[in-house]
Each structure stands twice: as C-alpha cells, then as structure tokens.
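What follows is run-v2.txt (compact mmCIF, C-alpha atoms and all ligand atoms).
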# COMPACT_ATOMS: atom_id res chain seq x y z
CA MET A 281 -5.48 17.43 -13.24
CA ASP A 282 -6.72 14.18 -14.82
CA ASN A 283 -4.58 12.07 -12.50
CA LEU A 284 -5.71 14.06 -9.48
CA LEU A 285 -9.36 13.64 -10.40
CA THR A 286 -8.72 9.91 -10.78
CA SER A 287 -7.27 9.83 -7.26
CA TYR A 288 -10.24 11.81 -5.97
CA ARG A 289 -12.62 9.34 -7.63
CA THR A 290 -10.67 6.49 -6.03
CA MET A 291 -11.06 8.08 -2.60
CA VAL A 292 -14.80 8.54 -3.08
CA THR A 293 -15.13 4.99 -4.45
CA ILE A 294 -13.44 3.63 -1.30
CA ARG A 295 -15.68 5.75 0.95
CA LEU A 296 -18.87 4.62 -0.80
CA PHE A 297 -17.65 1.01 -0.87
CA GLU A 298 -17.06 1.05 2.89
CA GLU A 299 -20.36 2.78 3.64
CA ALA A 300 -22.11 0.14 1.55
CA VAL A 301 -20.31 -2.64 3.44
CA GLU A 302 -21.48 -1.25 6.78
CA ARG A 303 -25.05 -1.00 5.48
CA LEU A 304 -25.02 -4.50 3.97
CA PHE A 305 -23.88 -5.98 7.28
CA LEU A 306 -26.66 -4.23 9.17
CA GLU A 307 -29.17 -5.51 6.63
CA GLY A 308 -27.85 -9.04 7.07
CA ARG A 309 -26.93 -9.33 3.39
CA VAL A 310 -23.23 -9.87 4.12
CA MET A 311 -21.92 -12.27 6.78
CA GLY A 312 -18.63 -12.67 8.63
CA THR A 313 -16.80 -9.52 9.62
CA ALA A 314 -15.07 -6.57 8.01
CA HIS A 315 -13.04 -3.55 9.09
CA THR A 316 -13.78 -0.41 7.13
CA CYS A 317 -11.32 2.40 6.48
CA ILE A 318 -13.60 5.43 6.48
CA GLY A 319 -11.39 8.48 7.14
CA GLN A 320 -8.23 6.84 5.83
CA GLU A 321 -8.87 7.11 2.07
CA ALA A 322 -6.09 9.65 1.42
CA ILE A 323 -3.54 7.10 2.60
CA ALA A 324 -4.70 4.40 0.19
CA ALA A 325 -5.03 6.79 -2.76
CA GLY A 326 -1.83 8.72 -1.99
CA ILE A 327 0.31 5.59 -1.68
CA ALA A 328 -1.18 4.09 -4.84
CA ALA A 329 -0.52 7.29 -6.79
CA ALA A 330 3.15 7.19 -5.75
CA MET A 331 3.79 3.53 -6.56
CA GLU A 332 5.03 2.11 -9.85
CA PRO A 333 3.17 -0.86 -11.36
CA PHE A 334 6.10 -3.18 -10.52
CA ASP A 335 6.17 -2.20 -6.82
CA ALA A 336 4.57 -4.40 -4.19
CA MET A 337 2.13 -3.62 -1.39
CA THR A 338 1.16 -5.65 1.65
CA SER A 339 -1.89 -4.70 3.65
CA THR A 340 -3.73 -5.27 6.90
CA HIS A 341 -7.06 -6.51 8.27
CA ARG A 342 -8.41 -3.08 7.15
CA GLY A 343 -7.45 -3.58 3.54
CA HIS A 344 -10.38 -2.87 1.16
CA GLY A 345 -9.18 0.67 0.47
CA HIS A 346 -5.56 -0.32 -0.12
CA PHE A 347 -6.65 -3.01 -2.54
CA ILE A 348 -9.10 -0.86 -4.49
CA ALA A 349 -6.57 2.00 -4.73
CA ARG A 350 -3.92 -0.41 -5.99
CA GLY A 351 -6.29 -1.53 -8.74
CA GLY A 352 -8.39 -4.30 -7.20
CA GLU A 353 -11.83 -4.47 -8.82
CA PRO A 354 -14.55 -3.27 -6.42
CA LYS A 355 -17.02 -5.79 -7.82
CA ARG A 356 -14.71 -8.74 -7.07
CA VAL A 357 -13.90 -7.36 -3.60
CA MET A 358 -17.64 -7.04 -2.98
CA ALA A 359 -18.29 -10.54 -4.34
CA GLU A 360 -15.73 -11.90 -1.87
CA LEU A 361 -17.61 -10.24 0.99
CA PHE A 362 -20.82 -11.83 -0.28
CA GLY A 363 -19.07 -15.21 -0.29
CA ARG A 364 -19.48 -15.64 -4.05
CA ASP A 365 -17.38 -17.59 -6.51
CA THR A 366 -16.49 -14.42 -8.46
CA GLY A 367 -14.70 -12.97 -5.41
CA TYR A 368 -10.92 -12.79 -5.18
CA SER A 369 -10.76 -15.95 -3.05
CA HIS A 370 -13.77 -17.58 -4.73
CA GLY A 371 -15.87 -16.50 -1.78
CA ARG A 372 -13.97 -18.66 0.71
CA GLY A 373 -11.69 -16.04 2.26
CA GLY A 374 -13.71 -12.93 3.01
CA SER A 375 -12.60 -9.44 3.86
CA GLN A 376 -9.15 -10.23 5.21
CA MET A 377 -8.10 -12.77 2.62
CA MET A 378 -7.83 -11.10 -0.74
CA MET A 379 -4.78 -10.87 -2.93
CA ASP A 380 -3.87 -10.17 -6.56
CA THR A 381 -0.17 -10.48 -7.20
CA SER A 382 -0.66 -9.52 -10.87
CA ILE A 383 -1.18 -5.93 -9.70
CA GLY A 384 1.45 -6.11 -6.96
CA PHE A 385 -1.04 -6.52 -4.13
CA TYR A 386 0.25 -9.19 -1.79
CA GLY A 387 -2.76 -9.41 0.38
CA ALA A 388 -4.80 -8.17 3.24
CA ASN A 389 -3.85 -10.01 6.43
CA GLY A 390 -5.91 -10.98 9.45
CA ILE A 391 -2.81 -11.31 11.63
CA THR A 392 -1.84 -7.86 12.87
CA ALA A 393 1.70 -7.10 11.64
CA GLY A 394 1.69 -10.52 9.96
CA SER A 395 2.52 -9.05 6.58
CA THR A 396 5.62 -7.20 7.83
CA ALA A 397 7.78 -10.33 7.60
CA PHE A 398 6.23 -11.21 4.28
CA ALA A 399 7.15 -7.70 3.05
CA ALA A 400 10.76 -8.17 4.13
CA GLY A 401 10.81 -11.36 2.07
CA LEU A 402 9.41 -9.58 -0.98
CA ALA A 403 12.01 -6.84 -0.56
CA LEU A 404 14.81 -9.39 -0.19
CA ASP A 405 13.65 -11.04 -3.40
CA ALA A 406 13.64 -7.63 -5.17
CA LYS A 407 17.15 -6.92 -3.95
CA LEU A 408 18.60 -10.32 -4.86
CA SER A 409 17.04 -10.21 -8.31
CA HIS A 410 18.23 -6.60 -8.95
CA SER A 411 14.66 -5.54 -9.56
CA PRO A 412 13.66 -1.86 -9.28
CA ARG A 413 10.75 -3.00 -7.10
CA ALA A 414 10.24 -1.43 -3.69
CA VAL A 415 7.73 -2.67 -1.14
CA ILE A 416 5.13 -0.73 0.82
CA SER A 417 4.17 -2.68 3.92
CA ILE A 418 1.17 -1.17 5.67
CA LEU A 419 0.43 -1.83 9.33
CA GLY A 420 -1.47 -0.15 12.16
CA ASP A 421 -0.30 1.67 15.27
CA GLY A 422 -1.47 -1.28 17.39
CA ALA A 423 0.32 -3.71 15.10
CA SER A 424 3.51 -1.71 15.58
CA ASN A 425 3.69 -3.27 19.10
CA GLN A 426 3.99 -6.79 17.67
CA GLY A 427 7.22 -8.76 17.98
CA ILE A 428 7.23 -9.89 14.36
CA PHE A 429 7.45 -6.25 13.30
CA TYR A 430 10.77 -5.86 15.17
CA GLU A 431 12.15 -9.08 13.71
CA SER A 432 11.24 -7.73 10.29
CA LEU A 433 12.77 -4.32 11.00
CA ASN A 434 15.99 -5.96 12.14
CA LEU A 435 16.39 -8.03 8.98
CA ALA A 436 15.29 -5.17 6.73
CA ALA A 437 17.94 -2.91 8.28
CA LEU A 438 20.63 -5.60 8.36
CA TRP A 439 20.14 -6.41 4.68
CA LYS A 440 19.29 -2.81 3.61
CA LEU A 441 16.05 -3.89 2.00
CA PRO A 442 13.88 -1.66 -0.22
CA VAL A 443 10.87 -1.70 2.07
CA ILE A 444 8.88 1.14 3.61
CA TYR A 445 7.02 0.15 6.73
CA THR A 446 4.03 2.46 6.57
CA ILE A 447 2.13 2.84 9.82
CA GLU A 448 -1.44 4.09 9.71
CA ASN A 449 -1.51 5.80 13.08
CA ASN A 450 -5.28 6.20 13.33
CA GLY A 451 -5.54 6.79 17.07
CA TYR A 452 -6.92 3.38 18.05
CA ALA A 453 -6.27 -0.34 18.13
CA MET A 454 -9.75 -1.78 18.56
CA SER A 455 -10.97 0.11 21.66
CA THR A 456 -7.51 1.07 22.94
CA ALA A 457 -6.44 4.65 22.26
CA THR A 458 -2.87 4.88 20.96
CA ALA A 459 -1.74 6.78 24.05
CA ARG A 460 -2.96 3.89 26.24
CA GLY A 461 -1.21 1.20 24.21
CA LEU A 462 2.10 2.61 23.01
CA ALA A 463 4.97 3.68 25.28
CA ASP A 464 5.93 6.22 22.61
CA THR A 465 3.07 7.38 20.41
CA CYS A 466 5.35 8.67 17.66
CA THR A 467 5.31 5.54 15.53
CA ALA A 468 7.80 7.08 13.08
CA ASP A 469 10.43 6.30 15.74
CA ARG A 470 9.68 2.58 15.89
CA GLY A 471 12.76 1.73 13.81
CA LYS A 472 15.17 3.73 15.96
CA ALA A 473 16.82 0.71 17.59
CA PHE A 474 17.79 -0.45 14.10
CA ASN A 475 18.93 2.98 12.85
CA ILE A 476 16.04 3.07 10.42
CA PRO A 477 15.08 6.64 9.50
CA GLY A 478 11.54 7.57 10.48
CA VAL A 479 9.32 10.09 8.72
CA SER A 480 5.94 11.42 9.77
CA ALA A 481 3.28 12.90 7.48
CA ASP A 482 -0.35 13.99 7.55
CA GLY A 483 -2.28 10.90 6.45
CA ASN A 484 -5.43 12.93 5.74
CA ASP A 485 -3.63 15.00 3.11
CA PHE A 486 -3.47 13.16 -0.20
CA PHE A 487 -0.62 15.34 -1.45
CA ALA A 488 1.49 14.88 1.67
CA VAL A 489 1.06 11.12 1.46
CA ARG A 490 1.77 10.88 -2.26
CA ASP A 491 4.83 13.11 -2.21
CA THR A 492 6.35 11.60 0.93
CA VAL A 493 5.87 8.06 -0.35
CA ARG A 494 7.23 9.01 -3.76
CA GLY A 495 10.42 10.36 -2.18
CA LEU A 496 10.88 7.33 0.04
CA LEU A 497 10.29 4.92 -2.83
CA ALA A 498 12.98 6.68 -4.87
CA ASP A 499 15.39 6.47 -1.92
CA ALA A 500 14.53 2.82 -1.32
CA ARG A 501 15.21 2.01 -4.98
CA SER A 502 18.63 3.62 -4.72
CA GLY A 503 19.57 1.41 -1.77
CA LYS A 504 18.90 3.86 1.08
CA GLY A 505 16.11 1.79 2.65
CA PRO A 506 14.47 0.59 4.73
CA PHE A 507 12.28 3.35 6.16
CA VAL A 508 9.48 3.72 8.67
CA LEU A 509 6.74 6.10 7.63
CA GLU A 510 4.06 7.22 10.04
CA LEU A 511 0.84 8.53 8.47
CA ARG A 512 -1.27 10.29 11.09
CA THR A 513 -4.98 9.86 10.59
CA TYR A 514 -8.20 9.01 12.43
CA ARG A 515 -10.35 5.93 12.06
CA LEU A 516 -13.75 7.52 11.52
CA SER A 517 -15.37 4.08 11.31
CA GLY A 518 -15.82 1.82 14.27
CA HIS A 519 -13.22 -0.93 14.62
CA SER A 520 -15.39 -3.48 12.84
CA ARG A 521 -19.05 -3.99 12.12
CA GLY A 522 -21.34 -3.41 15.05
CA ASP A 523 -18.79 -1.46 17.13
CA PRO A 524 -20.81 0.82 19.47
CA ARG A 525 -17.71 3.03 19.97
CA VAL A 526 -18.26 3.42 23.71
CA TYR A 527 -14.55 4.11 24.25
CA ARG A 528 -14.70 7.57 22.65
CA THR A 529 -17.07 10.50 22.56
CA ARG A 530 -19.26 11.66 19.69
CA GLU A 531 -17.69 15.13 20.17
CA GLU A 532 -14.25 13.70 19.49
CA GLU A 533 -15.59 12.09 16.32
CA GLN A 534 -17.29 15.29 15.21
CA GLU A 535 -14.01 17.14 15.55
CA ALA A 536 -12.28 14.43 13.49
CA TRP A 537 -14.91 14.67 10.73
CA ARG A 538 -13.84 18.30 10.24
CA HIS A 539 -10.58 16.88 8.86
CA ASP A 540 -12.30 14.43 6.50
CA PRO A 541 -9.65 13.66 3.86
CA ILE A 542 -12.22 13.65 1.05
CA LEU A 543 -13.41 17.18 1.83
CA ARG A 544 -9.80 18.29 2.07
CA MET A 545 -9.01 16.74 -1.30
CA ALA A 546 -12.06 18.40 -2.88
CA ASP A 547 -10.95 21.78 -1.51
CA ALA A 548 -7.40 21.26 -2.76
CA LEU A 549 -8.67 20.32 -6.22
CA ARG A 550 -10.94 23.39 -6.39
CA GLU A 551 -7.93 25.54 -5.48
CA ARG A 552 -6.12 23.93 -8.41
CA GLY A 553 -8.95 24.82 -10.77
CA ALA A 554 -11.27 21.79 -10.68
CA THR A 555 -14.94 22.67 -11.15
CA GLY A 556 -17.84 21.54 -8.99
CA ALA A 557 -19.20 19.69 -12.02
CA GLN A 558 -15.99 17.69 -12.40
CA LEU A 559 -16.05 16.67 -8.76
CA GLU A 560 -19.72 15.74 -8.99
CA THR A 561 -19.03 13.58 -12.05
CA CYS A 562 -16.36 11.71 -10.06
CA ARG A 563 -18.86 11.17 -7.25
CA GLN A 564 -21.51 9.86 -9.63
CA GLU A 565 -19.05 7.53 -11.33
CA ALA A 566 -17.96 6.20 -7.94
CA ALA A 567 -21.60 5.67 -6.88
CA ALA A 568 -22.32 3.77 -10.12
CA THR A 569 -19.25 1.57 -9.54
CA ILE A 570 -20.52 0.59 -6.10
CA GLN A 571 -24.05 -0.05 -7.32
CA ASP A 572 -22.67 -2.27 -10.09
CA ALA A 573 -20.41 -4.03 -7.59
CA ILE A 574 -23.35 -4.95 -5.35
CA ALA A 575 -25.46 -6.10 -8.29
CA PHE A 576 -22.53 -8.16 -9.62
CA ALA A 577 -21.93 -9.76 -6.22
CA GLU A 578 -25.57 -10.56 -5.58
CA SER A 579 -26.07 -12.13 -8.98
CA SER A 580 -22.86 -14.20 -8.79
CA PRO A 581 -23.00 -17.93 -8.01
CA ALA A 582 -21.99 -19.41 -4.68
CA PRO A 583 -18.73 -21.39 -4.71
CA ASP A 584 -18.99 -24.98 -5.79
CA ALA A 585 -18.39 -26.73 -2.46
CA ILE A 586 -18.23 -30.23 -3.91
CA GLY A 587 -15.84 -29.22 -6.69
CA PHE A 588 -13.64 -27.47 -4.17
CA ALA A 589 -13.58 -30.41 -1.76
CA SER A 590 -12.73 -32.88 -4.50
CA SER A 591 -9.97 -30.57 -5.82
CA LEU A 592 -8.28 -30.87 -2.41
CA PHE A 593 -7.95 -34.62 -2.81
CA ALA A 594 -7.25 -34.72 -6.56
C1 LIG B 1 -1.79 -11.40 16.08
C2 LIG B 1 -3.13 -10.78 16.29
N1 LIG B 1 -3.47 -10.35 17.52
C3 LIG B 1 -4.69 -9.79 17.73
C4 LIG B 1 -5.58 -9.66 16.69
C5 LIG B 1 -6.95 -9.02 16.93
N2 LIG B 1 -6.95 -7.68 16.34
C6 LIG B 1 -7.50 -7.45 15.12
S1 LIG B 1 -7.36 -5.85 14.66
C7 LIG B 1 -6.58 -5.46 16.09
C8 LIG B 1 -6.16 -4.04 16.36
C9 LIG B 1 -5.27 -3.52 15.33
O1 LIG B 1 -5.02 -2.15 15.57
P1 LIG B 1 -4.12 -1.34 14.60
O2 LIG B 1 -2.90 -2.11 14.26
O3 LIG B 1 -3.93 0.01 15.19
O4 LIG B 1 -4.98 -1.25 13.25
P2 LIG B 1 -6.39 -0.53 13.03
O5 LIG B 1 -7.44 -1.53 13.43
O6 LIG B 1 -6.41 0.68 13.85
O7 LIG B 1 -6.43 -0.27 11.57
C10 LIG B 1 -6.42 -6.56 16.91
C11 LIG B 1 -5.79 -6.55 18.23
C12 LIG B 1 -5.19 -10.14 15.42
N3 LIG B 1 -6.00 -10.03 14.36
N4 LIG B 1 -3.96 -10.67 15.24
MG MG B 2 -4.88 1.77 14.74
Exercise: express the given structure as structure tokens:
Amino acid sequence: MDNLLTSYRTMVTIRLFEEAVERLFLEGRVMGTAHTCIGQEAIAAGIAAAMEPFDAMTSTHRGHGHFIARGGEPKRVMAELFGRDTGYSHGRGGSQMMMDTSIGFYGANGITAGSTAFAAGLALDAKLSHSPRAVISILGDGASNQGIFYESLNLAALWKLPVIYTIENNGYAMSTATARGLADTCTADRGKAFNIPGVSADGNDFFAVRDTVRGLLADARSGKGPFVLELRTYRLSGHSRGDPRVYRTREEEQEAWRHDPILRMADALRERGATGAQLETCRQEAAATIQDAIAFAESSPAPDAIGFASSLFA
C-alpha cells in the first residue's frame, strides 16, 4: 500500500503543479510557454512505478509530469519556469528544456517526436554495453505522424533495441482531433510496417499503465523489443497556456472529467483498503510541495547573464 500511496501522491503533486503553472501564467508571474498534462497523470506515475532506476526515459513538450514522476524535484522544475538560476537549465531553457541524466531522465523536447531518435540511440548504447537498461520513449499521437519516428522505428526493429515507444493518445494534437489527423487512429499499430508488436492500454488507469509497462520492460530486457505502446487518455488541459479550446465542446470535456485518473486512483485505493485520511494526507503533502516549490522559485536568483556569456568564450 505504501508504494501505491506514493504513486497517488505523485499524481496529485503533478496535478497541483500543473494547475499552479496555469494560474501563474495568467497572473503574469511566469513567462514563455508551457504545456500542462492535466488528465494524463496516471501515465506518468504508472510508467515511473514500472521503471528501474537504471532505465531511461525520454519525454515530450508536455513533460513536467513525466519528469516529476521520474524523480525530478518540483521546486527545480518550477524554478526553471520562473527563469531562475536554481532551475534545471539555470533558468535559460524553460518548460521544454529540462533534463537530469542522473535519474535517467533524458529530457523534455520541444521538437515533436524529436526524442524518438535519441531514444533509439540510448537503447543502442544499452544493447552494445550489455546493460539491463531499457528505454521508455514518450511521444504524442500527433507526433506519431512525424517522419523521424518511422526512421527510429526502423532502426529499433532492425537492431532489436530495448526501447518502448509509448504514445500518449490524448485525442488531440494542438487543435486537431486525432481522427482528423491520423489515417489510422489506433496508434498501437504504428510499428506494423516494421513488425513491431503494438499494445494498447487505458492510460487513465494507473494499474493498467504500470502493469503493461512492467511486462514490456521485462520483455525488452530479454531481447524481445522494440515495442509500441498506446496509452489512451484525454488532455483535460488546453494545448498550452491561453488555449480557448474552441475546437471542442465543454460537454465533451465534462464527459472526460468523469474519467479523471486521480479520482479513479483514489477509488481503486479505497477498494484496496486505503482510508480517506490517508488520501487526504497525500493531498496535503502534495499541496505543501507545490507551495514550497513556488516560494523556492520566487526567492531564487536570476541567472548570471554576464557570467554565462563569458563562460561561452572562456
Ligand atoms: C517538429 C515540430 N512540428 C511542430 C511543432 C508544433 N507543435 C508543438 S506541440 C504540437 C502537437 C503535438 O501533439 P501530440 O503529439 O499529440 O502531443 P500532445 O500535445 O497532445 O501532448 C505541435 C504540432 C513542434 N513543436 N515540432
Ligand atoms: Mg496528442
């Protein structure tokens, strides 16, 4: 139960982090842009719960949740959004440029599907060095139309690499509904031309995500990879800050909120014997983490522009 409560707390932490980010943008306290993953928390937490510390993950433009679930510190993620020196890229990268290889997180990526080739490289390295490492490469349904993804699939299949291309099929790519952008909306089948097995699972169900990923990681380690995994979900947030969401109805969103992965996880935990008090404690701990993260970010210094510039020419 302890591990499950930890995963629940992670999901709530991601939700509160993302809600704070949306608020901070509206208040003008954070600049630039960011893509929040509200509604997709079970994917981040489920994948992270299945991975071993030595495994690698690559992420997307919508990467805060993946990073935090993998062990990224919310306060340093927040500081990066505030453009502060204590952020993961010393405040110079922002939302889509954060990485911590010491915890096996090989970065968010502003180029859709950009990390799929990078993931193939990481998996090739793992294979050549006889490491038990397997790689989770996360991309979106829209990104699954990109050419680089098919180049990566080809090499991954040719070289039998331990990589699991994990597609968050959240119904939209910016304002384009999946059915309007993909010739075949079953993204699990995207590796078919390369004889890569495809698996589909409910991305709003923490347990389905964790157990499916766990099985695929074990298979990938034993040389049966690569795989394509489709996790079906719904992007409850807008695409990015300030998205008026005119391309879908509020009724559609309301229906999607009924499948909120956090409510589903809370129900599943209660069925397994968790008490309301335990869940509330997780929520309070998550809220305190986010409050601390904002305070940390706001009180952190700006990057030293002169020091940085001179380091380029040193
Ligand atoms: C190569 C490239 N083309 C276009 C964009 C602009 N862009 C940013 S996010 C996005 C949609 C991505 O949709 P999807 O892969 O489904 O991910 P989601 O936003 O749903 O998480 C696009 C087109 C980009 N960042 N990179
Ligand atoms: Mg999408």
Next on the checklist: Show me the residues close to (13.6, -5.5, 10.3) - anything with an atom within 10 Å, counting all atoms listed in the file - and format the list as a VMD selection string.
Outcome noted: chain A and resid 396 to 397 399 to 400 428 to 441 443 445 471 474 476 506 to 507
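Each of A:Gly495, A:Gly518, A:Gly427, A:Gly420 was compared to ligand MG 2 (chain B) using only C-alpha atoms and all ligand atoms, and A:Gly420 turns out to be the nearest.
Among A:Gly401, A:Thr316, A:Tyr288, A:Ala328, the residue with the shortest atom-to-atom distance to Asp547 of chain A, counting only C-alpha atoms, is A:Tyr288.
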Next on the checklist: As an exercise, work out the distance from atom CA of Thr446 of chain A to atom CA of Ile418 of chain A in Å and give it to one decimal place.
Outcome noted: 4.7 Å
Item to check | Nearest residue to Ser579 of chain A from the set A:Ala557, A:Ala359, A:Leu509, A:Ala325 (distances using only C-alpha atoms) | outcome: A:Ala359
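Among A:Arg350, A:Arg356, A:Arg515, A:Arg494, the residue with the shortest atom-to-atom distance to Ile444 of chain A, counting only C-alpha atoms, is A:Arg494.
The contact shell of ligand LIG 1 (chain B), defined as all polymer residues within 6 Å when all atoms listed in the file are used, comprises A:Arg342, A:Gly390, A:Ile391, A:Thr392, A:Leu419, A:Gly420, A:Asp421, A:Gly422, A:Ala423, A:Asn450, A:Tyr452, A:Ala453, A:Met454, A:His519.
With atom CA of Ala473 of chain A on one side and atom CA of Glu448 of chain A on the other, the separation reads 20.2 Å.
Across the structure, atom CA of Phe398 of chain A and atom CA of Phe362 of chain A are spaced 27.4 Å apart.
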Checklist entry - If you count only C-alpha atoms, which residues fall within 9 Å of segment 407-417 of chain A, apart from same-chain ones fewer than 3 positions away, as a PyMOL selection string? => result chain A and resi 327+331-340+395-396+398-400+402-404+440-447+493+497-498+500-503
Could those residues be written to a file, using C-alpha atoms, as a PDB file, in the frame of the given file?
ATOM      1  CA  ILE A 327       0.310   5.590  -1.680  1.00  0.00           C
ATOM      2  CA  MET A 331       3.790   3.530  -6.560  1.00  0.00           C
ATOM      3  CA  GLU A 332       5.030   2.110  -9.850  1.00  0.00           C
ATOM      4  CA  PRO A 333       3.170  -0.860 -11.360  1.00  0.00           C
ATOM      5  CA  PHE A 334       6.100  -3.180 -10.520  1.00  0.00           C
ATOM      6  CA  ASP A 335       6.170  -2.200  -6.820  1.00  0.00           C
ATOM      7  CA  ALA A 336       4.570  -4.400  -4.190  1.00  0.00           C
ATOM      8  CA  MET A 337       2.130  -3.620  -1.390  1.00  0.00           C
ATOM      9  CA  THR A 338       1.160  -5.650   1.650  1.00  0.00           C
ATOM     10  CA  SER A 339      -1.890  -4.700   3.650  1.00  0.00           C
ATOM     11  CA  THR A 340      -3.730  -5.270   6.900  1.00  0.00           C
ATOM     12  CA  SER A 395       2.520  -9.050   6.580  1.00  0.00           C
ATOM     13  CA  THR A 396       5.620  -7.200   7.830  1.00  0.00           C
ATOM     14  CA  PHE A 398       6.230 -11.210   4.280  1.00  0.00           C
ATOM     15  CA  ALA A 399       7.150  -7.700   3.050  1.00  0.00           C
ATOM     16  CA  ALA A 400      10.760  -8.170   4.130  1.00  0.00           C
ATOM     17  CA  LEU A 402       9.410  -9.580  -0.980  1.00  0.00           C
ATOM     18  CA  ALA A 403      12.010  -6.840  -0.560  1.00  0.00           C
ATOM     19  CA  LEU A 404      14.810  -9.390  -0.190  1.00  0.00           C
ATOM     20  CA  LYS A 440      19.290  -2.810   3.610  1.00  0.00           C
ATOM     21  CA  LEU A 441      16.050  -3.890   2.000  1.00  0.00           C
ATOM     22  CA  PRO A 442      13.880  -1.660  -0.220  1.00  0.00           C
ATOM     23  CA  VAL A 443      10.870  -1.700   2.070  1.00  0.00           C
ATOM     24  CA  ILE A 444       8.880   1.140   3.610  1.00  0.00           C
ATOM     25  CA  TYR A 445       7.020   0.150   6.730  1.00  0.00           C
ATOM     26  CA  THR A 446       4.030   2.460   6.570  1.00  0.00           C
ATOM     27  CA  ILE A 447       2.130   2.840   9.820  1.00  0.00           C
ATOM     28  CA  VAL A 493       5.870   8.060  -0.350  1.00  0.00           C
ATOM     29  CA  LEU A 497      10.290   4.920  -2.830  1.00  0.00           C
ATOM     30  CA  ALA A 498      12.980   6.680  -4.870  1.00  0.00           C
ATOM     31  CA  ALA A 500      14.530   2.820  -1.320  1.00  0.00           C
ATOM     32  CA  ARG A 501      15.210   2.010  -4.980  1.00  0.00           C
ATOM     33  CA  SER A 502      18.630   3.620  -4.720  1.00  0.00           C
ATOM     34  CA  GLY A 503      19.570   1.410  -1.770  1.00  0.00           C
TER      35      GLY A 503
END
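Closest approach to ligand MG 2 (chain B) among A:Asp282, A:Glu510, A:Asp491, A:Asp485 is made by A:Glu510 (distances from all atoms listed in the file).
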